[in-house]
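Asker: One file is attached below, final.txt, containing compact mmCIF, C-alpha atoms and all ligand atoms.
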# COMPACT_ATOMS: atom_id res chain seq x y z
CA MET I 1 22.94 15.11 10.71
CA PHE I 2 19.23 15.90 10.72
CA ASN I 3 19.73 18.23 7.74
CA ASP I 4 21.63 15.66 5.74
CA ALA I 5 19.08 14.61 3.12
CA SER I 6 20.29 11.02 3.25
CA SER I 7 20.34 10.66 7.03
CA PRO I 8 17.82 8.24 8.49
CA LEU I 9 16.09 10.94 10.49
CA SER I 10 15.88 13.21 7.50
CA LEU I 11 14.43 10.40 5.39
CA LEU I 12 11.85 9.59 8.03
CA SER I 13 10.99 13.27 8.44
CA THR I 14 10.55 13.94 4.74
CA ARG I 15 8.77 10.86 3.44
CA ARG I 16 5.45 11.58 1.84
CA SER I 17 3.36 9.78 -0.69
CA GLY I 18 3.42 10.35 -4.41
CA LYS I 19 0.10 10.27 -6.22
CA PRO I 20 0.29 6.99 -8.12
CA ARG I 21 -1.02 8.62 -11.31
CA ASP I 22 1.91 11.08 -11.21
CA LEU I 23 4.63 8.44 -10.72
CA VAL I 24 6.84 7.85 -13.73
CA ALA I 25 9.78 5.63 -14.71
CA PRO I 26 12.12 4.52 -13.41
CA GLY I 27 10.45 2.35 -10.86
CA PRO I 28 12.42 -0.10 -8.74
CA ASP I 29 14.01 -2.90 -10.75
CA GLY I 30 13.75 -6.51 -9.60
CA ALA I 31 16.68 -6.36 -7.19
CA GLN I 32 15.55 -3.04 -5.73
CA LEU I 33 12.03 -4.35 -5.27
CA ASP I 34 13.38 -7.45 -3.51
CA HIS I 35 15.33 -5.17 -1.19
CA ILE I 36 12.28 -2.96 -0.53
CA LEU I 37 10.18 -6.01 0.32
CA ALA I 38 12.86 -7.48 2.58
CA ILE I 39 12.80 -4.21 4.52
CA ALA I 40 8.99 -4.26 4.57
CA ALA I 41 9.15 -7.72 6.12
CA ARG I 42 11.27 -6.41 9.03
CA THR I 43 8.11 -5.50 10.84
CA PRO I 44 6.97 -6.13 14.39
CA ASP I 45 4.63 -9.09 14.39
CA HIS I 46 3.36 -10.68 17.58
CA GLY I 47 3.99 -14.42 17.50
CA LYS I 48 6.32 -14.32 14.47
CA LEU I 49 3.44 -15.19 12.19
CA ALA I 50 4.37 -12.88 9.30
CA PRO I 51 0.63 -12.27 8.85
CA TRP I 52 1.09 -10.45 5.56
CA ARG I 53 2.48 -11.14 2.14
CA PHE I 54 3.38 -9.20 -0.96
CA VAL I 55 2.24 -9.95 -4.50
CA ILE I 56 4.09 -8.15 -7.29
CA VAL I 57 2.01 -7.26 -10.33
CA GLY I 58 4.61 -7.03 -13.08
CA ASP I 59 4.47 -5.07 -16.33
CA GLU I 60 3.32 -8.14 -18.22
CA GLN I 61 0.41 -8.63 -15.81
CA ARG I 62 -1.01 -5.12 -15.90
CA ASP I 63 -3.46 -5.87 -18.74
CA ALA I 64 -4.80 -8.90 -16.87
CA PHE I 65 -5.00 -6.88 -13.66
CA ALA I 66 -6.97 -4.16 -15.43
CA ARG I 67 -9.34 -6.77 -16.88
CA LEU I 68 -9.77 -8.32 -13.43
CA LEU I 69 -10.80 -5.00 -11.89
CA VAL I 70 -13.17 -4.06 -14.67
CA GLU I 71 -14.79 -7.50 -14.90
CA SER I 72 -15.10 -7.79 -11.11
CA CYS I 73 -16.78 -4.40 -10.96
CA ARG I 74 -19.18 -5.31 -13.78
CA ALA I 75 -20.12 -8.51 -11.92
CA GLU I 76 -20.40 -7.08 -8.41
CA LYS I 77 -21.73 -3.67 -9.23
CA PRO I 78 -24.03 -3.85 -12.26
CA GLU I 79 -24.95 -0.19 -11.80
CA ALA I 80 -21.33 0.92 -12.35
CA THR I 81 -21.00 3.61 -14.98
CA GLN I 82 -18.58 3.45 -17.90
CA LYS I 83 -16.68 6.27 -16.17
CA GLU I 84 -16.16 4.08 -13.10
CA LEU I 85 -15.02 1.16 -15.24
CA ASP I 86 -12.59 3.39 -17.14
CA GLY I 87 -11.33 4.70 -13.80
CA LEU I 88 -10.56 1.16 -12.65
CA ASP I 89 -8.74 0.45 -15.90
CA GLN I 90 -6.58 3.55 -15.35
CA PHE I 91 -6.11 2.65 -11.68
CA ALA I 92 -4.66 -0.71 -12.68
CA ARG I 93 -2.18 0.76 -15.15
CA GLN I 94 -0.73 3.66 -13.16
CA ALA I 95 2.88 3.95 -11.93
CA PRO I 96 5.86 1.83 -12.99
CA ALA I 97 5.61 -0.79 -10.20
CA LEU I 98 2.80 -2.28 -8.16
CA VAL I 99 2.81 -4.43 -5.05
CA VAL I 100 -0.41 -5.77 -3.59
CA VAL I 101 -0.05 -6.13 0.17
CA LEU I 102 -2.22 -8.84 1.68
CA SER I 103 -3.18 -9.10 5.29
CA SER I 104 -2.72 -12.82 5.75
CA PRO I 105 -3.83 -13.62 9.29
CA ARG I 106 -3.67 -17.03 10.93
CA PRO I 107 -7.09 -17.63 12.49
CA ASP I 108 -5.78 -20.66 14.40
CA SER I 109 -3.28 -18.50 16.26
CA PRO I 110 -3.91 -17.17 19.77
CA ILE I 111 -2.65 -13.79 18.56
CA PRO I 112 -5.73 -11.56 18.13
CA LEU I 113 -6.76 -10.82 14.56
CA TRP I 114 -6.54 -7.09 15.32
CA GLU I 115 -2.85 -7.43 16.14
CA GLN I 116 -2.19 -9.41 13.00
CA GLU I 117 -3.96 -6.79 10.90
CA LEU I 118 -2.04 -3.97 12.58
CA SER I 119 1.15 -5.73 11.59
CA ALA I 120 0.01 -5.77 7.94
CA GLY I 121 -0.42 -2.00 8.10
CA ALA I 122 3.01 -1.63 9.65
CA ALA I 123 4.58 -3.77 6.91
CA THR I 124 2.95 -1.57 4.27
CA MET I 125 4.34 1.52 5.98
CA ASN I 126 7.81 -0.03 6.07
CA LEU I 127 7.50 -0.72 2.36
CA LEU I 128 6.81 2.97 1.73
CA HIS I 129 9.74 4.04 3.88
CA ALA I 130 12.09 1.64 2.11
CA ALA I 131 11.00 2.92 -1.29
CA HIS I 132 11.54 6.51 -0.16
CA ALA I 133 15.00 5.71 1.21
CA MET I 134 15.89 4.29 -2.20
CA GLY I 135 14.83 7.50 -3.92
CA PHE I 136 11.43 6.37 -5.12
CA ALA I 137 7.99 7.50 -4.07
CA GLY I 138 5.03 5.31 -3.28
CA GLY I 139 1.29 5.65 -2.93
CA TRP I 140 -0.90 3.37 -0.81
CA LEU I 141 -4.38 3.07 -2.26
CA THR I 142 -7.37 0.89 -1.53
CA GLY I 143 -10.68 1.98 -3.07
CA TRP I 144 -13.40 -0.29 -4.39
CA ALA I 145 -11.00 -2.93 -5.71
CA ALA I 146 -9.46 -3.61 -2.30
CA PHE I 147 -12.84 -4.69 -0.94
CA SER I 148 -14.02 -6.72 -3.92
CA PRO I 149 -14.28 -10.44 -3.10
CA ARG I 150 -13.45 -11.28 -6.71
CA VAL I 151 -10.29 -9.17 -6.70
CA ARG I 152 -9.30 -10.61 -3.33
CA ASP I 153 -9.81 -14.14 -4.63
CA ALA I 154 -7.45 -13.42 -7.52
CA PHE I 155 -4.68 -12.66 -5.01
CA GLY I 156 -5.48 -14.81 -2.00
CA ALA I 157 -8.15 -16.63 -0.06
CA ALA I 158 -10.27 -15.76 2.98
CA PRO I 159 -9.46 -14.69 5.64
CA GLU I 160 -6.82 -12.85 3.64
CA ARG I 161 -7.68 -9.27 2.73
CA ILE I 162 -6.10 -6.69 0.52
CA ALA I 163 -4.36 -4.19 2.82
CA GLY I 164 -3.48 -1.97 -0.07
CA PHE I 165 -2.22 -1.47 -3.57
CA VAL I 166 1.19 0.16 -3.27
CA PHE I 167 2.26 1.91 -6.44
CA LEU I 168 5.94 2.81 -6.77
CA GLY I 169 7.94 4.99 -9.11
CA THR I 170 9.70 8.31 -9.50
CA PRO I 171 7.79 11.50 -8.79
CA GLY I 172 6.99 13.17 -12.12
CA ARG I 173 6.69 16.51 -10.34
CA PRO I 174 7.60 17.81 -6.89
CA LEU I 175 5.59 16.03 -4.24
CA ASP I 176 2.96 18.12 -2.51
CA GLU I 177 3.27 18.40 1.24
CA ARG I 178 0.01 18.05 3.08
CA PRO I 179 -1.07 19.41 6.43
CA ARG I 180 0.26 17.26 9.24
CA PRO I 181 -1.55 16.62 12.49
CA ASP I 182 -1.42 19.21 15.23
CA MET I 183 0.88 17.44 17.65
CA ALA I 184 -0.71 19.20 20.62
CA ARG I 185 -3.98 17.51 19.70
CA ILE I 186 -2.61 13.99 19.34
CA VAL I 187 0.05 13.89 22.05
CA SER I 188 -0.79 14.16 25.70
CA HIS I 189 0.52 13.09 29.06
CA TRP I 190 -1.58 10.58 30.87
CA THR I 191 -3.19 11.92 34.01
CA PRO I 192 -4.53 9.09 36.15
C1 LIG L 201 -5.17 2.00 4.28
C2 LIG L 201 -5.08 3.23 3.41
C3 LIG L 201 -5.81 3.30 2.25
C4 LIG L 201 -5.78 4.42 1.45
N1 LIG L 201 -6.52 4.45 0.31
C5 LIG L 201 -6.54 5.56 -0.44
C6 LIG L 201 -7.32 5.62 -1.63
O1 LIG L 201 -7.96 4.64 -2.01
N2 LIG L 201 -7.33 6.77 -2.33
C7 LIG L 201 -6.60 7.85 -1.94
O2 LIG L 201 -6.65 8.88 -2.61
N3 LIG L 201 -5.84 7.83 -0.83
C8 LIG L 201 -5.79 6.71 -0.09
N4 LIG L 201 -5.02 6.66 1.03
C9 LIG L 201 -4.25 7.84 1.42
C10 LIG L 201 -3.02 7.99 0.58
O3 LIG L 201 -2.13 6.92 0.80
C11 LIG L 201 -2.47 9.35 0.95
O4 LIG L 201 -1.98 9.90 -0.19
C12 LIG L 201 -1.47 9.31 2.06
O5 LIG L 201 -2.17 9.12 3.27
C13 LIG L 201 -0.63 10.59 2.11
O6 LIG L 201 0.11 10.58 3.31
P1 LIG L 201 1.68 10.81 3.34
O7 LIG L 201 1.95 12.04 2.59
O8 LIG L 201 2.02 10.87 4.78
O9 LIG L 201 2.33 9.63 2.70
C14 LIG L 201 -4.99 5.53 1.83
C15 LIG L 201 -4.22 5.45 3.00
C16 LIG L 201 -4.27 4.32 3.78
C17 LIG L 201 -3.42 4.26 5.03
With the file now loaded, output its structure as C-alpha cells.
Ligand SMILES: Cc1cc2nc3c(=O)[nH]c(=O)nc-3n(C[C@H](O)[C@H](O)[C@H](O)COP(=O)(O)O)c2cc1C
Answerer:
Amino acid sequence: MFNDASSPLSLLSTRRSGKPRDLVAPGPDGAQLDHILAIAARTPDHGKLAPWRFVIVGDEQRDAFARLLVESCRAEKPEATQKELDGLDQFARQAPALVVVLSSPRPDSPIPLWEQELSAGAATMNLLHAAHAMGFAGGWLTGWAAFSPRVRDAFGAAPERIAGFVFLGTPGRPLDERPRPDMARIVSHWTP
C-alpha cells in the first residue's frame, strides 16, 4: 500500500513543493480549487475560530496584483532598485493559480494568538497536501510582499497578516528533492 503512488501514505511521503516560477498550466480549475480549499479548512483550530481565510487571485486580477506589489514597494521602499521592482512584477504573475492565505486571528478570543497563528500555518500546509493529492504542485512563498502593510491592507485588515502566497500548478519539470531533516536530530525520547 505504501508503494501505491495514490495511497494516502505515499502521497504524504512524496509531497514536495514546486518552485512557483516553474509551475505551468493546467492549474486547478474553479471546482478543484474549491475542493482544495475545503480540505485546507479541515484544520485543527482551538476554539473553532477558523482564524484564517483564503483569497483567490484570479487570472483577471494578476495585473492589478502586480501593480499593487510594485506600487507598494515604491511607496514603502524608495531605495528599491528597478531589478527588485521587476522581480515583484514577475513574482505576482508566476504559476497558473494563486491563493493568498491570511492569518485572521480573533483578538477578543481567550485562545492565545500564537495558537491561532499556528492554525493558519497548518491550514496552509493542508492546502499544499490537497493540491498534491490532486496531482498539482504548490509553492508557499512570503518575501517582502507578505510583510508590506500596503499589500496586507489590500487583502485584509489588522490584526490579519499574510501567512503566505501559495502558487499552484503543474510541475514544468521533475520536482527536485531537497535534503530532509536528520530524524535522529529532531526526534528524541524525553528523559525527566
Ligand atoms: C512561511 C514560509 C514562507 C516561505 N517563504 C519562502 C520565500 O519567500 N521564498 C522561498 O524561496 N521559499 C520560501 N519558503 C520555502 C518554500 O516553501 C520551500 O520551497 C519549501 O519549504 C520546500 O519544502 P518542501 O519540499 O517540503 O515542500 C517558505 C516556507 C514557509 C513555511
Asker: Counting only C-alpha atoms and all ligand atoms, give me one row per residue of chain I with an atom at most 9 Å from an atom of ligand LIG 201 (chain L), showing the shortest contact pair and its distance in Å to one decimal, sorted by chain then residue number, as a Markdown table.
Answerer:
| residue | atom | partner | partner_atom | distance |
| --- | --- | --- | --- | --- |
| I:Arg15 | CA | L:LIG201 | O9 | 6.6 |
| I:Arg16 | CA | L:LIG201 | O7 | 3.6 |
| I:Ser17 | CA | L:LIG201 | O9 | 3.5 |
| I:Gly18 | CA | L:LIG201 | O4 | 6.9 |
| I:Lys19 | CA | L:LIG201 | O4 | 6.4 |
| I:Pro20 | CA | L:LIG201 | O4 | 8.7 |
| I:Gly121 | CA | L:LIG201 | C1 | 7.3 |
| I:Thr124 | CA | L:LIG201 | C17 | 8.7 |
| I:Met125 | CA | L:LIG201 | C17 | 8.3 |
| I:Leu128 | CA | L:LIG201 | O9 | 8.1 |
| I:Gly138 | CA | L:LIG201 | O9 | 7.9 |
| I:Gly139 | CA | L:LIG201 | O3 | 5.2 |
| I:Trp140 | CA | L:LIG201 | O3 | 4.1 |
| I:Leu141 | CA | L:LIG201 | N1 | 3.6 |
| I:Thr142 | CA | L:LIG201 | O1 | 3.8 |
| I:Gly143 | CA | L:LIG201 | O1 | 3.9 |
| I:Trp144 | CA | L:LIG201 | O1 | 7.7 |
| I:Ala145 | CA | L:LIG201 | O1 | 9.0 |
| I:Ala146 | CA | L:LIG201 | O1 | 8.4 |
| I:Ala163 | CA | L:LIG201 | C1 | 6.4 |
| I:Gly164 | CA | L:LIG201 | C1 | 6.1 |
| I:Phe165 | CA | L:LIG201 | N1 | 8.3 |
| I:Val166 | CA | L:LIG201 | O3 | 8.6 |
| I:Leu175 | CA | L:LIG201 | O7 | 8.7 |
| I:Asp176 | CA | L:LIG201 | O7 | 8.0 |
| I:Glu177 | CA | L:LIG201 | O7 | 6.6 |
| I:Arg178 | CA | L:LIG201 | O7 | 6.3 |
| I:Pro179 | CA | L:LIG201 | O7 | 8.8 |
| I:Arg180 | CA | L:LIG201 | O8 | 8.0 |
Asker: So, counting only C-alpha atoms, which residue among I:Val100, I:Leu9, I:Pro181, I:Pro171 is closest to Trp52 of chain I?
Answerer: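 Among the listed residues, I:Val100 lies closest to Trp52 of chain I.
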Asker: Using all atoms listed in the file, can you tell me which of I:Arg42, I:Asp108, I:Gly135, I:Phe167 comes closest to Phe91 of chain I?
Answerer: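 Of all the options, I:Phe167 lies closest to Phe91 of chain I.
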Asker: In terms of the shortest atom-to-atom distance over all atoms listed in the file, which of I:Ala130, I:Cys73, I:Ala50, I:Ala40 is closest to Pro8 of chain I?
Answerer: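 Checking each of I:Ala130, I:Cys73, I:Ala50, I:Ala40 against Pro8 of chain I, counting all atoms listed in the file, the winner is I:Ala130.
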Asker: Give me the residues near Glu160 of chain I as a list in words, where near means some atom within 10 Å (using all atoms listed in the file) and where sequence neighbours in that chain fewer than 4 positions away do not count.
Answerer: Pro51, Trp52, Arg53, Leu102, Ser103, Ser104, Pro105, Arg106, Glu117, Arg152, Asp153, Phe155 and Gly156 of chain I
Asker: Name the closest residue to Glu71 of chain I among the candidates I:Ala157, I:Ala38, I:Ala123, I:Leu85; distances are taken between atoms, counting only C-alpha atoms.
Answerer: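 Closest candidate: I:Leu85.
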Asker: Can you work out the spacing between atom CA of Gln90 of chain I and atom CA of Pro149 of chain I in Å, to one decimal?
Answerer: 20.1 Å
Asker: Excluding Ile111 of chain I and residues on its chain fewer than 6 positions from it, collect all residues at most 9 Å away from it, counting only C-alpha atoms, and give them as a PyMOL selection string.
Answerer: chain I and resi 46-47+49
Asker: Store the residues picked out above, limited to C-alpha atoms, as a PDB file, keeping the file's coordinate frame.
Answerer:
ATOM      1  CA  HIS I  46       3.360 -10.680  17.580  1.00  0.00           C
ATOM      2  CA  GLY I  47       3.990 -14.420  17.500  1.00  0.00           C
ATOM      3  CA  LEU I  49       3.440 -15.190  12.190  1.00  0.00           C
TER       4      LEU I  49
END
Asker: Work out how far apart atom CA of Phe65 of chain I and atom CA of Ala41 of chain I are and give it in Å to one decimal.
Answerer: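 Spanning atom CA of Phe65 of chain I to atom CA of Ala41 of chain I is a straight-line distance of 24.3 Å.
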Asker: I need the residue nearest Asp29 of chain I from this list: I:Pro96, I:Ala158, I:Glu60, I:Leu127. Use all atoms listed in the file for the distance.
Answerer: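 Ranked by minimum distance to Asp29 of chain I, first place goes to I:Pro96.
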Asker: Please rebuild segment 64-86 of chain I with N, CA, C and O atoms and give the result as a JSON list (two decimals), keeping the file's coordinate frame.
Answerer:
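The result, written out as selection23.json:
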[["chain", "number", "residue", "atom", "x", "y", "z"],
["I", 64, "ALA", "N", -3.92, -7.93, -17.55],
["I", 64, "ALA", "CA", -4.80, -8.90, -16.87],
["I", 64, "ALA", "C", -5.35, -8.29, -15.58],
["I", 64, "ALA", "O", -6.52, -8.53, -15.22],
["I", 65, "PHE", "N", -4.54, -7.51, -14.90],
["I", 65, "PHE", "CA", -5.00, -6.88, -13.66],
["I", 65, "PHE", "C", -6.12, -5.88, -13.98],
["I", 65, "PHE", "O", -7.14, -5.83, -13.28],
["I", 66, "ALA", "N", -5.93, -5.12, -15.04],
["I", 66, "ALA", "CA", -6.97, -4.16, -15.43],
["I", 66, "ALA", "C", -8.27, -4.90, -15.79],
["I", 66, "ALA", "O", -9.36, -4.50, -15.37],
["I", 67, "ARG", "N", -8.13, -5.99, -16.52],
["I", 67, "ARG", "CA", -9.34, -6.77, -16.88],
["I", 67, "ARG", "C", -10.02, -7.30, -15.63],
["I", 67, "ARG", "O", -11.24, -7.29, -15.50],
["I", 68, "LEU", "N", -9.21, -7.78, -14.67],
["I", 68, "LEU", "CA", -9.77, -8.32, -13.43],
["I", 68, "LEU", "C", -10.60, -7.25, -12.71],
["I", 68, "LEU", "O", -11.73, -7.53, -12.27],
["I", 69, "LEU", "N", -10.07, -6.05, -12.61],
["I", 69, "LEU", "CA", -10.80, -5.00, -11.89],
["I", 69, "LEU", "C", -12.09, -4.64, -12.62],
["I", 69, "LEU", "O", -13.16, -4.52, -12.00],
["I", 70, "VAL", "N", -12.00, -4.48, -13.91],
["I", 70, "VAL", "CA", -13.17, -4.06, -14.67],
["I", 70, "VAL", "C", -14.24, -5.16, -14.65],
["I", 70, "VAL", "O", -15.42, -4.90, -14.40],
["I", 71, "GLU", "N", -13.81, -6.40, -14.87],
["I", 71, "GLU", "CA", -14.79, -7.50, -14.90],
["I", 71, "GLU", "C", -15.38, -7.75, -13.51],
["I", 71, "GLU", "O", -16.57, -8.05, -13.38],
["I", 72, "SER", "N", -14.58, -7.60, -12.47],
["I", 72, "SER", "CA", -15.10, -7.79, -11.11],
["I", 72, "SER", "C", -16.13, -6.71, -10.81],
["I", 72, "SER", "O", -17.18, -6.99, -10.20],
["I", 73, "CYS", "N", -15.85, -5.50, -11.22],
["I", 73, "CYS", "CA", -16.78, -4.40, -10.96],
["I", 73, "CYS", "C", -18.08, -4.62, -11.73],
["I", 73, "CYS", "O", -19.17, -4.45, -11.17],
["I", 74, "ARG", "N", -17.96, -5.04, -12.99],
["I", 74, "ARG", "CA", -19.18, -5.31, -13.78],
["I", 74, "ARG", "C", -20.04, -6.35, -13.07],
["I", 74, "ARG", "O", -21.25, -6.24, -13.00],
["I", 75, "ALA", "N", -19.38, -7.41, -12.54],
["I", 75, "ALA", "CA", -20.12, -8.51, -11.92],
["I", 75, "ALA", "C", -20.71, -8.13, -10.57],
["I", 75, "ALA", "O", -21.83, -8.53, -10.24],
["I", 76, "GLU", "N", -19.95, -7.36, -9.78],
["I", 76, "GLU", "CA", -20.40, -7.08, -8.41],
["I", 76, "GLU", "C", -21.20, -5.80, -8.30],
["I", 76, "GLU", "O", -21.87, -5.57, -7.29],
["I", 77, "LYS", "N", -21.10, -4.98, -9.33],
["I", 77, "LYS", "CA", -21.73, -3.67, -9.23],
["I", 77, "LYS", "C", -22.35, -3.34, -10.60],
["I", 77, "LYS", "O", -21.81, -2.52, -11.36],
["I", 78, "PRO", "N", -23.45, -4.00, -10.92],
["I", 78, "PRO", "CA", -24.03, -3.85, -12.26],
["I", 78, "PRO", "C", -24.40, -2.40, -12.59],
["I", 78, "PRO", "O", -24.49, -2.05, -13.77],
["I", 79, "GLU", "N", -24.58, -1.59, -11.55],
["I", 79, "GLU", "CA", -24.95, -0.19, -11.80],
["I", 79, "GLU", "C", -23.73, 0.70, -12.11],
["I", 79, "GLU", "O", -23.89, 1.91, -12.35],
["I", 80, "ALA", "N", -22.54, 0.12, -12.11],
["I", 80, "ALA", "CA", -21.33, 0.92, -12.35],
["I", 80, "ALA", "C", -21.40, 1.61, -13.71],
["I", 80, "ALA", "O", -21.81, 1.00, -14.70],
["I", 81, "THR", "N", -20.99, 2.85, -13.73],
["I", 81, "THR", "CA", -21.00, 3.61, -14.98],
["I", 81, "THR", "C", -19.73, 3.30, -15.78],
["I", 81, "THR", "O", -18.73, 2.81, -15.23],
["I", 82, "GLN", "N", -19.77, 3.64, -17.07],
["I", 82, "GLN", "CA", -18.58, 3.45, -17.90],
["I", 82, "GLN", "C", -17.41, 4.26, -17.33],
["I", 82, "GLN", "O", -16.26, 3.83, -17.38],
["I", 83, "LYS", "N", -17.73, 5.42, -16.75],
["I", 83, "LYS", "CA", -16.68, 6.27, -16.17],
["I", 83, "LYS", "C", -15.96, 5.52, -15.02],
["I", 83, "LYS", "O", -14.74, 5.57, -14.90],
["I", 84, "GLU", "N", -16.77, 4.84, -14.20],
["I", 84, "GLU", "CA", -16.16, 4.08, -13.10],
["I", 84, "GLU", "C", -15.28, 2.95, -13.63],
["I", 84, "GLU", "O", -14.18, 2.70, -13.11],
["I", 85, "LEU", "N", -15.79, 2.28, -14.67],
["I", 85, "LEU", "CA", -15.02, 1.16, -15.24],
["I", 85, "LEU", "C", -13.72, 1.68, -15.85],
["I", 85, "LEU", "O", -12.65, 1.07, -15.68],
["I", 86, "ASP", "N", -13.81, 2.80, -16.54],
["I", 86, "ASP", "CA", -12.59, 3.39, -17.14],
["I", 86, "ASP", "C", -11.61, 3.80, -16.04],
["I", 86, "ASP", "O", -10.39, 3.66, -16.19]]
